[in-house]
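Notes follow the structure.
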Amino acid sequence: MNDGWRWLTDGANWHGPDGIPVRLAEHLGYTLLVLAVAVLVGLPVGLLLAHAGRRTAFTVINVANGFRALPTLGLLVLIFLLSAGSDLAALVPLVALAIPPVLVNTYEGVRQIDPRVRDAALGMGMTGRQVLLRVELPLAVPLIMVGARTAAVQVVATATVAAYINLGGLGGYLMDGILLRQYGTAVGGSLLVVLLAVAVQILFTYTGRLLTPRGLRPEPNNRKEIPG
Amino acid sequence: MNEDEPLVRWDWIHEHYGLFGDLTVEHLKLSLLPVLLGLLVAVPLGVLCARWRGLYPPVLTAVNILYSLPSLALFLVLLDYTGLSIWTVAIPLTLYTLAVLVPNVVDGLRQVPDTTRQAATAMGYTPLRRLVAVELPIAVPVIIAGLRVATVSNISLVSVGALVGIGGLGSLFKTGFDLQFTTPVLAGIVLIIILAVLFDLALVLLQRLLTPWSPR
């Protein structure tokens, strides 16, 4: 642990093409790209499934949960061997990891909406599209953000493993450290990834709160029941 | 990878049944021991959190942060203290299990209807007996749902341990990468998925045995 701190506080590690800022930017870049793809796929599919028949939805949700069983390291190595070392191909297993939490939480978020709210929206003359975009989506935001948070944290963590197939990012320090038996580098890199993961976790928690519609926030003067 | 190399070389698989067996046993030890340890800690902790409401928010924040810690980073940090023993992998996985189970134990206990609790009290159950004989059994489906998530993700996460030298079936991925050879990688993926599915099914069966009253 001490070697790790010494490595982290050594100014030399903060400069140059292999410096911490460059690797950090790479890591964040991969994370954002993967997360963007996961949201672009998971969100619409989740919304769609929430309006599909119960049987279809049940199957897809179970399959999505089944993705948890896929060993990411194995998929990374397999894709690396089959694609002859393409960088973008290496991101596929990360996307596969990030889609299920977004998709399942979007689905659950829409499903848990009180049907009376939907009826009220339809009764006010909203079209199906308006109900989806102005009522269901905002009400599902808290859960969707929890899903996005889970996905983001998992991608930050797993992008580390992707360094095994030379994807760079912060995981590069961990792999260098293991290979060259430079314990300080490995532990210093690990501490950076831990800090990044915690930062992402906190960032998403607060963004989630900001994006939550005012009516859903637990505030003292936000009465849920009408007295009398 | 060579162009004429087939995706799966069955002869390599036939030659390595013994290796698969050893690695599977190690893999199960590494992934299931943390589930048991996590359950042993999560149930009492969850019971405490369900009883004293003020305790739950800080505990929830703590387990959420634990869950966000990357496994490889934890393995590497622990390597200094626990070396090449199974604990280097088992301790982080126990923490993840805990992070998944504590919220489920609390939610499971909270959804016990007040009327049920009052009925048990009226029948003369002491608080401890009420907890063990009434509240926990009602919470079983939610707790087992958490156990399924923890077990399946542990089984798949253990393989990352291969990068620090303790990874059960994950070491097949390392072999495949070092030799530029897809057969061990595919064998590892398939075996890990089979283990995950088997233990998931076992937990579903366990739930049916423990809650014979629930609808099928």
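So you can find residues: chains in the structure tokens are A, B, ... in the order shown, residues in each start at 1, and ligands are numbered from 1 in order.
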- Message: Please check the contacts: residues of chain B at most 7 Å away from chain A, using only C-alpha atoms, listed as an NGL selection string.
- Response: :B and (1 or 65 or 68-70 or 73 or 76-77 or 152-153 or 156-157 or 159-160 or 173 or 177 or 180 or 182 or 185 or 189 or 193 or 196)
field: Selection near Ala38 of chain A, 9 Å with only C-alpha atoms, sequence-local residues under 6 positions removed, as a PyMOL selection string
entry: chain A and resi 95-100+102-103+148+151
Quick one: residues within 9 Å of Tyr67 of chain B, only C-alpha atoms, excluding same-chain residues fewer than 3 positions away - as a PyMOL selection string?
(chain A and resi 153) or (chain B and resi 62-64+70+95-100)
Atom pair atom CA of Gly168 of chain B + atom CA of Leu30 of chain B, distance 7.4 Å
Q: Write down as number ranges by chain the residues of segment 14-147 of chain A whose backbone DSSP state falls under alpha helix (DSSP H).
A: A: 20-50, 54-66, 72-83, 87-111, 115-123, 128-130, 137-147
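Between Pro142 of chain A and the residues A:Thr205, A:Leu49, A:Val117, A:Val104, the shortest atom-to-atom distance, using only C-alpha atoms, involves A:Thr205.
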